>>> print(open('protein-v4.cif').read())   # mmCIF, C-alpha atoms and all ligand atoms
data_upload
#
loop_
_atom_site.label_atom_id
_atom_site.label_comp_id
_atom_site.auth_asym_id
_atom_site.auth_seq_id
_atom_site.Cartn_x
_atom_site.Cartn_y
_atom_site.Cartn_z
CA MET G 26 8.23 -16.60 14.98
CA LYS G 27 8.32 -17.98 11.43
CA PHE G 28 8.51 -14.68 9.57
CA LYS G 29 11.70 -12.61 9.61
CA TYR G 30 11.80 -9.05 8.35
CA GLU G 31 15.13 -7.87 6.90
CA THR G 32 16.37 -4.48 8.06
CA HIS G 33 18.73 -2.53 5.86
CA VAL G 34 20.08 0.92 5.16
CA GLN G 35 20.01 1.79 1.48
CA THR G 36 21.68 4.36 -0.68
CA GLY G 37 21.41 5.32 -4.35
CA THR G 38 18.28 5.96 -6.38
CA LEU G 39 15.66 4.23 -4.28
CA LEU G 40 13.03 2.64 -6.50
CA ASN G 41 12.46 -0.36 -4.27
CA ALA G 42 9.82 0.69 -1.71
CA ASN G 43 7.20 2.53 -3.79
CA GLU G 44 7.83 5.80 -2.02
CA ARG G 45 7.23 9.20 -3.55
CA SER G 46 10.47 10.21 -5.26
CA LEU G 47 9.96 13.95 -4.83
CA PRO G 48 10.54 15.52 -1.43
CA LEU G 49 7.88 17.87 -0.07
CA GLU G 50 8.00 21.40 -1.48
CA GLU G 51 10.17 23.88 0.43
CA THR G 52 7.21 26.15 1.31
CA LEU G 53 5.31 23.21 2.76
CA ARG G 54 8.36 22.18 4.80
CA GLU G 55 8.56 25.70 6.16
CA GLU G 56 4.89 25.65 7.13
CA ILE G 57 5.47 22.33 8.91
CA ALA G 58 8.64 23.57 10.64
CA ALA G 59 6.83 26.66 11.96
CA ALA G 60 3.96 24.54 13.32
CA LEU G 61 6.30 22.01 14.94
CA LYS G 62 8.00 24.81 16.89
CA GLU G 63 4.71 25.37 18.72
CA VAL G 64 4.16 21.71 19.62
CA ALA G 65 3.88 20.80 23.31
CA PHE G 66 6.77 18.31 23.39
CA ASN G 67 6.24 17.75 27.13
CA ARG G 68 2.64 16.56 26.68
CA TYR G 69 1.31 13.22 25.47
CA PRO G 70 -0.30 13.25 22.02
CA ASP G 71 -4.02 13.78 21.51
CA SER G 72 -5.24 10.19 21.73
CA SER G 73 -8.54 11.15 20.10
CA GLN G 74 -6.59 12.10 16.91
CA THR G 75 -9.25 14.75 16.33
CA GLU G 76 -7.33 17.17 14.10
CA LEU G 77 -5.78 14.44 11.96
CA ARG G 78 -9.00 12.47 11.52
CA SER G 79 -10.89 15.64 10.52
CA ALA G 80 -8.19 16.55 7.99
CA TYR G 81 -8.24 13.12 6.33
CA ALA G 82 -12.03 12.81 6.53
CA GLU G 83 -12.30 16.00 4.53
CA VAL G 84 -9.88 14.77 1.86
CA ILE G 85 -11.61 11.43 1.28
CA GLY G 86 -15.18 12.56 1.99
CA VAL G 87 -16.12 10.46 5.03
CA ASP G 88 -17.21 11.21 8.61
CA PRO G 89 -14.20 11.60 11.00
CA GLY G 90 -15.94 9.00 13.24
CA GLN G 91 -15.26 6.42 10.53
CA LEU G 92 -11.48 6.77 10.87
CA ILE G 93 -8.76 5.43 13.13
CA ALA G 94 -5.20 6.59 12.45
CA GLY G 95 -2.23 4.28 12.84
CA ASN G 96 1.54 4.44 12.93
CA GLY G 97 1.48 3.59 9.23
CA SER G 98 -1.33 1.50 7.78
CA ASP G 99 0.89 -1.39 8.89
CA GLN G 100 -0.21 -0.83 12.46
CA ILE G 101 -3.87 -0.85 11.45
CA LEU G 102 -3.39 -4.07 9.47
CA GLY G 103 -1.70 -5.63 12.50
CA TYR G 104 -4.52 -4.45 14.75
CA LEU G 105 -7.22 -5.91 12.48
CA ILE G 106 -5.37 -9.22 12.15
CA GLY G 107 -4.88 -9.34 15.93
CA THR G 108 -8.55 -8.50 16.52
CA PHE G 109 -10.08 -10.98 14.09
CA LEU G 110 -7.55 -13.82 14.04
CA GLY G 111 -5.55 -15.96 16.42
CA PRO G 112 -4.29 -19.53 16.77
CA GLY G 113 -6.30 -21.92 14.60
CA LYS G 114 -7.70 -19.10 12.43
CA LYS G 115 -7.00 -18.67 8.73
CA LEU G 116 -6.31 -15.51 6.78
CA MET G 117 -7.19 -15.71 3.08
CA THR G 118 -5.12 -13.52 0.77
CA LEU G 119 -3.46 -13.43 -2.62
CA ASP G 120 -0.11 -14.68 -3.86
CA PRO G 121 1.75 -12.44 -4.42
CA ASP G 122 0.66 -9.81 -1.90
CA PHE G 123 2.13 -7.58 0.81
CA SER G 124 4.58 -9.48 3.02
CA MET G 125 3.48 -7.80 6.27
CA TYR G 126 0.25 -9.87 6.24
CA ASP G 127 2.40 -12.96 6.87
CA TYR G 128 4.35 -11.11 9.53
CA TYR G 129 1.29 -10.10 11.55
CA ALA G 130 -0.60 -13.37 11.03
CA SER G 131 2.41 -15.32 12.23
CA SER G 132 2.80 -13.02 15.28
CA TYR G 133 -0.80 -13.77 16.27
CA GLY G 134 -0.46 -17.51 15.60
CA ALA G 135 -2.84 -17.51 12.61
CA SER G 136 -2.16 -19.27 9.32
CA VAL G 137 -2.20 -17.65 5.89
CA ILE G 138 -3.60 -19.26 2.77
CA LYS G 139 -3.00 -17.68 -0.60
CA TYR G 140 -4.84 -17.69 -3.91
CA PRO G 141 -2.24 -17.61 -6.70
CA ILE G 142 -2.68 -14.76 -9.18
CA ASP G 143 -2.10 -15.96 -12.72
CA LEU G 144 -0.75 -12.89 -14.48
CA THR G 145 -0.97 -14.51 -17.89
CA GLN G 146 -4.78 -14.22 -17.71
CA ASP G 147 -7.29 -11.61 -16.58
CA PHE G 148 -7.99 -12.00 -12.87
CA SER G 149 -11.17 -14.00 -12.35
CA VAL G 150 -13.00 -12.76 -9.27
CA ARG G 151 -15.42 -15.70 -9.56
CA ALA G 152 -12.55 -18.18 -9.34
CA PHE G 153 -11.12 -16.29 -6.35
CA ILE G 154 -14.50 -16.42 -4.59
CA ALA G 155 -14.92 -20.14 -5.37
CA TRP G 156 -11.46 -20.84 -3.96
CA MET G 157 -12.20 -18.84 -0.79
CA LYS G 158 -15.53 -20.67 -0.28
CA GLU G 159 -13.63 -23.96 -0.36
CA GLN G 160 -10.99 -22.75 2.08
CA ASN G 161 -13.51 -21.59 4.65
CA GLY G 162 -11.12 -19.03 6.19
CA ASP G 163 -11.81 -16.46 8.91
CA MET G 164 -10.81 -13.19 7.27
CA ILE G 165 -10.15 -11.86 3.76
CA LEU G 166 -7.34 -9.36 3.24
CA PHE G 167 -5.71 -8.26 0.01
CA SER G 168 -4.12 -5.14 -1.42
CA ASN G 169 -6.01 -3.33 -4.14
CA PRO G 170 -4.15 -2.27 -6.25
CA ASN G 171 -2.15 -5.38 -5.53
CA ASN G 172 1.43 -5.09 -4.39
CA PRO G 173 3.47 -6.31 -6.22
CA SER G 174 1.54 -7.44 -9.32
CA GLY G 175 -0.16 -4.06 -9.95
CA ILE G 176 -3.58 -5.59 -10.75
CA CYS G 177 -6.64 -3.82 -9.35
CA LEU G 178 -10.21 -5.04 -8.85
CA ASP G 179 -12.91 -2.56 -9.84
CA PRO G 180 -15.85 -1.73 -7.50
CA ASP G 181 -18.11 -4.34 -9.16
CA ALA G 182 -15.58 -7.09 -8.48
CA VAL G 183 -15.15 -5.90 -4.88
CA ARG G 184 -18.94 -5.96 -4.47
CA GLU G 185 -19.05 -9.55 -5.75
CA ILE G 186 -16.64 -10.54 -2.99
CA LEU G 187 -18.59 -8.59 -0.35
CA ASN G 188 -21.89 -10.12 -1.44
CA ALA G 189 -20.35 -13.60 -1.31
CA PHE G 190 -18.84 -13.14 2.19
CA THR G 191 -21.05 -11.37 4.67
CA GLU G 192 -20.02 -13.30 7.80
CA ILE G 193 -16.27 -12.68 7.93
CA PRO G 194 -14.28 -9.42 7.88
CA VAL G 195 -13.16 -8.28 4.45
CA VAL G 196 -10.16 -5.95 4.63
CA ILE G 197 -9.07 -4.09 1.53
CA ASP G 198 -5.63 -2.53 1.70
CA GLU G 199 -5.69 0.55 -0.51
CA ALA G 200 -2.11 1.75 -0.01
CA TYR G 201 -1.87 2.54 -3.75
CA ILE G 202 -5.45 3.56 -4.60
CA GLU G 203 -4.48 7.13 -5.54
CA PHE G 204 -2.58 5.72 -8.54
CA ALA G 205 -5.45 3.52 -9.78
CA ASP G 206 -7.91 4.30 -12.55
CA THR G 207 -10.73 2.91 -10.43
CA GLU G 208 -12.66 4.10 -7.38
CA SER G 209 -11.82 3.38 -3.75
CA SER G 210 -13.96 0.87 -1.83
CA ALA G 211 -14.04 3.30 1.11
CA GLY G 212 -17.39 4.63 -0.13
CA MET G 213 -18.95 1.18 0.45
CA VAL G 214 -18.22 0.83 4.17
CA ASN G 215 -21.66 2.02 5.27
CA GLU G 216 -23.31 -0.48 2.97
CA TYR G 217 -21.26 -3.52 4.00
CA PRO G 218 -20.89 -3.90 7.79
CA ASN G 219 -17.97 -6.33 7.43
CA LEU G 220 -15.86 -4.04 5.22
CA TYR G 221 -12.64 -2.45 6.49
CA VAL G 222 -10.46 -0.34 4.18
CA THR G 223 -6.92 0.75 5.00
CA ARG G 224 -5.22 3.78 3.48
CA THR G 225 -1.82 5.38 3.88
CA LEU G 226 -0.02 8.72 3.55
CA SER G 227 3.24 6.87 2.80
CA LYS G 228 2.83 6.62 -0.96
CA ALA G 229 0.98 9.32 -2.94
CA PHE G 230 1.27 11.86 -0.10
CA GLY G 231 5.01 11.29 0.32
CA LEU G 232 4.98 10.84 4.10
CA ALA G 233 6.53 7.38 4.52
CA GLY G 234 8.97 8.82 7.08
CA ILE G 235 6.30 9.96 9.52
CA ARG G 236 4.32 6.68 9.53
CA THR G 237 0.68 7.67 9.15
CA GLY G 238 -2.11 5.46 7.85
CA PHE G 239 -5.84 5.02 8.42
CA LEU G 240 -8.65 2.57 8.86
CA VAL G 241 -11.88 3.56 7.13
CA THR G 242 -14.96 1.65 8.21
CA SER G 243 -18.50 2.34 9.47
CA VAL G 244 -18.89 4.39 12.67
CA ASN G 245 -20.39 1.25 14.26
CA ASN G 246 -17.24 -0.74 13.55
CA ALA G 247 -14.85 2.10 14.36
CA GLU G 248 -16.23 2.80 17.86
CA PRO G 249 -15.46 -0.56 19.51
CA LEU G 250 -12.16 -0.79 17.62
CA ARG G 251 -11.17 2.64 18.96
CA GLU G 252 -11.93 1.52 22.51
CA GLY G 253 -9.48 -1.37 22.26
CA TYR G 254 -6.81 0.59 20.41
CA VAL G 255 -3.42 1.62 21.79
CA PRO G 256 -3.94 5.21 23.05
CA TYR G 257 -0.79 6.88 21.71
CA ALA G 258 -0.34 5.13 18.38
CA LEU G 259 0.80 8.31 16.69
CA ASN G 260 3.07 10.99 18.06
CA THR G 261 2.22 14.69 18.01
CA LEU G 262 4.85 15.54 15.37
CA SER G 263 3.45 13.03 12.87
CA MET G 264 -0.15 14.06 13.49
CA LYS G 265 0.65 17.77 13.13
CA THR G 266 2.74 17.22 9.99
CA ALA G 267 0.12 14.99 8.39
CA SER G 268 -2.70 17.45 9.17
CA ILE G 269 -0.78 20.27 7.48
CA VAL G 270 0.12 18.14 4.45
CA LEU G 271 -3.51 17.05 4.09
CA SER G 272 -4.60 20.68 3.91
CA HIS G 273 -2.62 20.75 0.62
CA ALA G 274 -4.02 17.44 -0.65
CA GLU G 275 -5.10 18.71 -4.02
CA GLU G 276 -1.63 19.95 -5.05
CA LEU G 277 0.03 16.85 -3.62
CA LEU G 278 -2.25 14.45 -5.44
CA GLN G 279 -1.15 15.98 -8.72
CA TYR G 280 1.96 13.85 -8.16
CA ALA G 281 -0.13 10.70 -8.48
CA GLU G 282 -1.42 11.95 -11.83
CA ASN G 283 2.16 12.48 -13.02
CA VAL G 284 3.10 9.01 -11.85
CA LYS G 285 0.23 7.55 -13.87
CA LYS G 286 1.52 9.31 -17.01
CA GLU G 287 5.08 8.20 -16.35
CA ARG G 288 3.92 4.64 -15.64
CA ARG G 289 2.08 4.55 -18.96
CA LYS G 290 5.14 5.84 -20.84
CA LEU G 291 7.52 3.37 -19.22
CA TYR G 292 5.15 0.41 -19.52
CA GLU G 293 4.48 1.04 -23.20
CA LYS G 294 8.20 0.92 -23.93
CA ALA G 295 8.99 -1.90 -21.50
CA ALA G 296 6.17 -4.12 -22.78
CA ALA G 297 7.97 -4.37 -26.13
CA LEU G 298 11.12 -5.85 -24.60
CA LYS G 299 11.77 -9.51 -25.34
CA CYS G 300 14.03 -10.61 -22.48
CA LEU G 301 12.05 -8.92 -19.74
CA LYS G 302 8.34 -9.40 -19.18
CA PHE G 303 6.41 -6.50 -17.67
CA TYR G 304 2.79 -6.47 -16.50
CA PRO G 305 0.34 -3.56 -16.67
CA SER G 306 -0.01 -1.80 -13.34
CA GLN G 307 -2.54 0.35 -11.49
CA ALA G 308 0.00 1.38 -8.85
CA ASN G 309 3.21 3.44 -8.67
CA PHE G 310 5.39 0.52 -9.75
CA LEU G 311 5.86 -2.03 -12.49
CA TYR G 312 6.18 -5.73 -11.78
CA GLY G 313 8.35 -7.80 -14.06
CA GLU G 314 9.79 -11.24 -14.56
CA SER G 315 12.85 -12.45 -16.37
CA ALA G 316 15.02 -15.51 -16.58
CA HIS G 317 17.86 -12.96 -16.81
CA LYS G 318 17.00 -11.21 -13.54
CA GLN G 319 20.52 -11.54 -12.15
CA ARG G 320 21.94 -9.66 -15.11
CA LEU G 321 19.25 -7.00 -14.70
CA LEU G 322 20.08 -6.57 -11.01
CA GLU G 323 23.76 -6.17 -11.84
CA GLU G 324 23.00 -3.44 -14.39
CA PHE G 325 20.74 -1.63 -11.94
CA ALA G 326 23.46 -1.85 -9.28
CA LYS G 327 25.99 -0.37 -11.74
CA ALA G 328 23.60 2.52 -12.40
CA GLY G 329 23.16 3.08 -8.64
CA ILE G 330 19.45 2.23 -8.78
CA VAL G 331 17.90 0.05 -6.09
CA ILE G 332 14.87 -2.00 -7.16
CA ARG G 333 12.91 -4.67 -5.31
CA ASP G 334 14.19 -8.18 -5.89
CA TYR G 335 11.93 -11.15 -5.09
CA ARG G 336 14.57 -13.68 -4.13
CA GLY G 337 13.98 -17.25 -5.20
CA LYS G 338 11.74 -16.10 -8.07
CA ASP G 339 12.36 -14.53 -11.48
CA ALA G 340 10.38 -11.52 -10.29
CA PHE G 341 11.29 -7.90 -9.54
CA ARG G 342 9.45 -4.62 -8.99
CA ILE G 343 10.45 -1.10 -9.99
CA THR G 344 8.91 2.02 -8.44
CA ILE G 345 7.88 4.75 -10.87
CA GLY G 346 10.04 7.73 -9.95
CA THR G 347 10.65 11.16 -11.40
CA GLU G 348 10.92 11.60 -15.16
CA GLU G 349 14.71 11.58 -14.86
CA GLU G 350 14.75 8.43 -12.72
CA ASN G 351 12.41 6.66 -15.13
CA ARG G 352 14.70 7.61 -18.01
CA ALA G 353 17.62 6.06 -16.12
CA VAL G 354 15.53 2.92 -15.54
CA TRP G 355 14.71 2.72 -19.23
CA GLU G 356 18.42 3.01 -20.12
CA VAL G 357 19.19 0.04 -17.87
CA LEU G 358 16.36 -2.02 -19.36
CA GLN G 359 17.57 -1.23 -22.87
CA THR G 360 21.17 -2.12 -22.01
CA VAL G 361 20.07 -5.49 -20.67
CA GLU G 362 17.88 -6.17 -23.71
CA GLU G 363 20.61 -5.20 -26.16
CA THR G 364 23.47 -7.06 -24.52
CA LEU G 365 21.85 -10.39 -23.81
C1 LIG G 401 0.18 -3.06 -0.03
C2 LIG G 401 0.77 -2.28 1.09
N1 LIG G 401 0.03 -2.08 2.19
C3 LIG G 401 0.51 -1.39 3.23
C4 LIG G 401 1.77 -0.87 3.21
C5 LIG G 401 2.27 -0.19 4.44
O1 LIG G 401 2.17 1.14 4.36
P1 LIG G 401 2.43 2.08 5.63
O2 LIG G 401 3.65 2.84 5.30
O3 LIG G 401 1.21 2.90 5.72
O4 LIG G 401 2.62 1.23 6.85
C6 LIG G 401 2.59 -1.04 2.09
C7 LIG G 401 3.95 -0.49 2.08
O5 LIG G 401 4.75 -0.72 1.23
C8 LIG G 401 2.07 -1.76 1.01
O6 LIG G 401 2.80 -1.99 -0.08
#
>>> encode(input="protein-v4.cif", output="structure tokens", more="lines below")
Ligand SMILES: Cc1ncc(COP(=O)(O)O)c(C=O)c1O
Amino acid sequence: MKFKYETHVQTGTLLNANERSLPLEETLREEIAAALKEVAFNRYPDSSQTELRSAYAEVIGVDPGQLIAGNGSDQILGYLIGTFLGPGKKLMTLDPDFSMYDYYASSYGASVIKYPIDLTQDFSVRAFIAWMKEQNGDMILFSNPNNPSGICLDPDAVREILNAFTEIPVVIDEAYIEFADTESSAGMVNEYPNLYVTRTLSKAFGLAGIRTGFLVTSVNNAEPLREGYVPYALNTLSMKTASIVLSHAEELLQYAENVKKERRKLYEKAAALKCLKFYPSQANFLYGESAHKQRLLEEFAKAGIVIRDYRGKDAFRITIGTEEENRAVWEVLQTVEETL
């Protein structure tokens, strides 16, 4: 296996994994605790995922038959890569993008080719399509909004890609779509038979700990995929918890709106810094670059804040947290700027 995933336990203010900073409300936790007491621990989970699929279908406005739930959207991404690719096959994605694509492609013996995003210019979807035509790969997969750059293609740009590639699966990873100012591509799955969209409850819904994500596609695509899927992907506790949380979706999604406001505030200030370069973002994080990254990491460490460091590059990524956390981030950025 070429790809190694680092495991680590972290402490401090965690702004490195794009999680929701706020814990679930006490009343919601109580509702979950009461429901979990009634769970049949001695029985296998409901492999049809009926309750969970109905709850999510209602939130995003699709038919429950269009959904498959996974142990995180990670599992769904792995399943799609394993289904569509194998030795000798090529996955086309972006650079930078989510590292788990490399992990799964390498586990299934497929290669990964990456179109470099040039953050100094507006993203050209035409150039991306032209590059992909030349590469002649077997599957397209990218995150939208993109992790870590924060760029996001609008529905017209996504349609251009779908119209240009009708013969290979196009998978759009929408882990951060709730934070974007643009629409999800999930509404297009009945129009484009090769479109697969993945979503997660780990980010805006604050459920990273229970590992719940979804595939959204047409019923025609979902049915055969369900037949080949691992029967007990999700445990009963996760499915029950997620179903309850989804029944409060409206209140929970208010968090994403707050994150957007906080992101705007922090970006506006950070964009004026001279030693650190920040890029506009459509997700719950800001991506930055600096020749002084080491100094920045030291200051964050002193402040007890953990951010994501892209080793071997000048790049880093900071999750948008609570107002207080973002203030602490801004203090660190200012200290670095003023003392360089
Ligand atoms: C772009 C992207 N896709 C998918 C995931 C995985 O999410 P999940 O927790 O649903 O497995 C992440 C997690 O960080 C991500 O950044």
>>> residues_near_ligand(input="protein-v4.cif", ligand="ligand LIG 401 (chain G)", cutoff="6 Å", atoms="all atoms listed in the file", output="VMD selection string")
chain G and resid 97 to 99 123 168 172 198 200 225 227 233 236 to 238
>>> atom_distance(input="protein-v4.cif", atom1="CA of Val64 (chain G)", atom2="CA of Leu232 (chain G)")
19.0 Å
>>> axis_aligned_box(input="protein-v4.cif", around="region 106-117 of chain G", padding_each_side="6 Å", output="lines of an AutoDock Vina configuration file")
center_x = -7.2
center_y = -15.2
center_z = 9.9
size_x = 17.8
size_y = 25.4
size_z = 25.7
>>> atom_distance(input="protein-v4.cif", atom1="CA of Pro218 (chain G)", atom2="CA of Leu187 (chain G)")
9.7 Å
>>> residues_around(input="protein-v4.cif", residues="Gly346 (chain G)", least_positions_apart="6", cutoff="10 Å", atoms="only C-alpha atoms", output="PyMOL selection string")
chain G and resi 38-40+43-47+283-284+287-288+309-310+352-354
>>> closest_residue(input="protein-v4.cif", among="G:Gln100, G:Phe325, G:Val183, G:Asn188", to="Ser209 (chain G)", atoms="all atoms listed in the file")
G:Val183
>>> closest_residue(input="protein-v4.cif", among="G:Asp120, G:Glu323, G:Glu56, G:Glu293", to="Pro173 (chain G)", atoms="only C-alpha atoms")
G:Asp120
>>> atom_distance(input="protein-v4.cif", atom1="CA of Leu92 (chain G)", atom2="CA of Phe239 (chain G)")
6.4 Å
>>> closest_atom_pairs(input="protein-v4.cif", of="region 84-173 of chain G", to="region 295-308 of chain G", cutoff="12 Å", atoms="all atoms listed in the file", output="JSON lines")
{"residue": "G:Asp143", "atom": "CA", "partner": "G:Tyr304", "partner_atom": "CA", "distance": 11.3}
{"residue": "G:Leu144", "atom": "CA", "partner": "G:Tyr304", "partner_atom": "CA", "distance": 7.6}
{"residue": "G:Thr145", "atom": "CA", "partner": "G:Tyr304", "partner_atom": "CA", "distance": 9.0}
{"residue": "G:Gln146", "atom": "CA", "partner": "G:Tyr304", "partner_atom": "CA", "distance": 10.9}
{"residue": "G:Asp147", "atom": "CA", "partner": "G:Pro305", "partner_atom": "CA", "distance": 11.1}
{"residue": "G:Ser168", "atom": "CA", "partner": "G:Ala308", "partner_atom": "CA", "distance": 10.7}
{"residue": "G:Asn169", "atom": "CA", "partner": "G:Gln307", "partner_atom": "CA", "distance": 8.9}
{"residue": "G:Pro170", "atom": "CA", "partner": "G:Gln307", "partner_atom": "CA", "distance": 6.1}
{"residue": "G:Asn171", "atom": "CA", "partner": "G:Ala308", "partner_atom": "CA", "distance": 7.8}
{"residue": "G:Asn172", "atom": "CA", "partner": "G:Ala308", "partner_atom": "CA", "distance": 8.0}
{"residue": "G:Pro173", "atom": "CA", "partner": "G:Ala308", "partner_atom": "CA", "distance": 8.8}
>>> residues_around(input="protein-v4.cif", residues="Gln279 (chain G)", least_positions_apart="3", cutoff="12 Å", atoms="only C-alpha atoms", output="PDB file with C-alpha atoms, in the frame of the given file")
ATOM      1  CA  ARG G  45       7.230   9.200  -3.550  1.00  0.00           C
ATOM      2  CA  LEU G  47       9.960  13.950  -4.830  1.00  0.00           C
ATOM      3  CA  GLU G 203      -4.480   7.130  -5.540  1.00  0.00           C
ATOM      4  CA  PHE G 204      -2.580   5.720  -8.540  1.00  0.00           C
ATOM      5  CA  ALA G 229       0.980   9.320  -2.940  1.00  0.00           C
ATOM      6  CA  PHE G 230       1.270  11.860  -0.100  1.00  0.00           C
ATOM      7  CA  GLY G 231       5.010  11.290   0.320  1.00  0.00           C
ATOM      8  CA  HIS G 273      -2.620  20.750   0.620  1.00  0.00           C
ATOM      9  CA  ALA G 274      -4.020  17.440  -0.650  1.00  0.00           C
ATOM     10  CA  GLU G 275      -5.100  18.710  -4.020  1.00  0.00           C
ATOM     11  CA  GLU G 276      -1.630  19.950  -5.050  1.00  0.00           C
ATOM     12  CA  GLU G 282      -1.420  11.950 -11.830  1.00  0.00           C
ATOM     13  CA  ASN G 283       2.160  12.480 -13.020  1.00  0.00           C
ATOM     14  CA  VAL G 284       3.100   9.010 -11.850  1.00  0.00           C
ATOM     15  CA  LYS G 285       0.230   7.550 -13.870  1.00  0.00           C
ATOM     16  CA  LYS G 286       1.520   9.310 -17.010  1.00  0.00           C
TER      17      LYS G 286
END
>>> residues_around(input="protein-v4.cif", residues="Glu76 (chain G)", least_positions_apart="3", cutoff="10 Å", atoms="all atoms listed in the file", output="ChimeraX atom specification")
/G:71,73,79-82,89,264-265,267-269
>>> residues_around(input="protein-v4.cif", residues="Tyr221 (chain G)", least_positions_apart="6", cutoff="12 Å", atoms="only C-alpha atoms", output="PyMOL selection string")
chain G and resi 91-93+101-102+104-106+109+164-168+187+193-199+209-215+239-247+250
>>> residues_near_point(input="protein-v4.cif", point="(19.3, -4.8, -24.0)", cutoff="12 Å", atoms="only C-alpha atoms", output="list of chain:residue names")
G:Ala295, G:Ala297, G:Leu298, G:Lys299, G:Cys300, G:Leu301, G:His317, G:Arg320, G:Leu321, G:Glu324, G:Trp355, G:Glu356, G:Val357, G:Leu358, G:Gln359, G:Thr360, G:Val361, G:Glu362, G:Glu363, G:Thr364, G:Leu365
>>> residues_near_point(input="protein-v4.cif", point="(4.3, 18.3, 19.3)", cutoff="6 Å", atoms="all atoms listed in the file", output="number ranges by chain")
G: 64-66, 261-262
>>> residues_around(input="protein-v4.cif", residues="Pro70 (chain G)", least_positions_apart="6", cutoff="8 Å", atoms="all atoms listed in the file", output="PyMOL selection string")
chain G and resi 257+259-261
>>> closest_residue(input="protein-v4.cif", among="G:Tyr335, G:Pro180, G:Ser272, G:Phe341", to="Ser315 (chain G)", atoms="all atoms listed in the file")
G:Phe341
>>> decode(input="protein-v4.cif", residues="region 223-262 of chain G", atoms="C-alpha atoms", output="compact mmCIF listing (two decimals), in the first residue's frame")
# COMPACT_ATOMS: atom_id res chain seq x y z
CA THR G 223 -21.84 12.27 -1.50
CA ARG G 224 -22.91 14.17 1.61
CA THR G 225 -22.02 13.96 5.27
CA LEU G 226 -23.39 14.70 8.74
CA SER G 227 -19.82 15.18 10.03
CA LYS G 228 -19.50 18.88 9.26
CA ALA G 229 -22.53 21.21 9.40
CA PHE G 230 -24.59 18.72 11.44
CA GLY G 231 -21.82 18.20 14.00
CA LEU G 232 -21.89 14.40 13.98
CA ALA G 233 -18.30 13.52 13.03
CA GLY G 234 -18.12 11.15 16.02
CA ILE G 235 -20.95 8.90 14.86
CA ARG G 236 -19.70 8.48 11.26
CA THR G 237 -22.73 9.01 9.05
CA GLY G 238 -22.68 10.03 5.40
CA PHE G 239 -24.78 9.43 2.29
CA LEU G 240 -24.74 8.70 -1.38
CA VAL G 241 -27.37 10.57 -3.39
CA THR G 242 -27.99 9.27 -6.89
CA SER G 243 -30.89 8.14 -9.09
CA VAL G 244 -33.04 5.23 -7.85
CA ASN G 245 -31.77 3.27 -10.87
CA ASN G 246 -28.17 3.68 -9.75
CA ALA G 247 -28.91 3.23 -6.04
CA GLU G 248 -30.69 -0.13 -6.39
CA PRO G 249 -27.80 -2.21 -7.80
CA LEU G 250 -25.33 -0.40 -5.54
CA ARG G 251 -27.46 -1.28 -2.51
CA GLU G 252 -27.46 -4.95 -3.53
CA GLY G 253 -23.67 -5.10 -3.48
CA TYR G 254 -23.27 -3.02 -0.33
CA VAL G 255 -22.05 -4.28 3.04
CA PRO G 256 -25.26 -5.06 5.01
CA TYR G 257 -24.39 -3.54 8.39
CA ALA G 258 -22.42 -0.47 7.37
CA LEU G 259 -23.94 1.62 10.13
CA ASN G 260 -24.69 0.59 13.68
CA THR G 261 -28.05 1.13 15.36
CA LEU G 262 -26.75 3.84 17.72
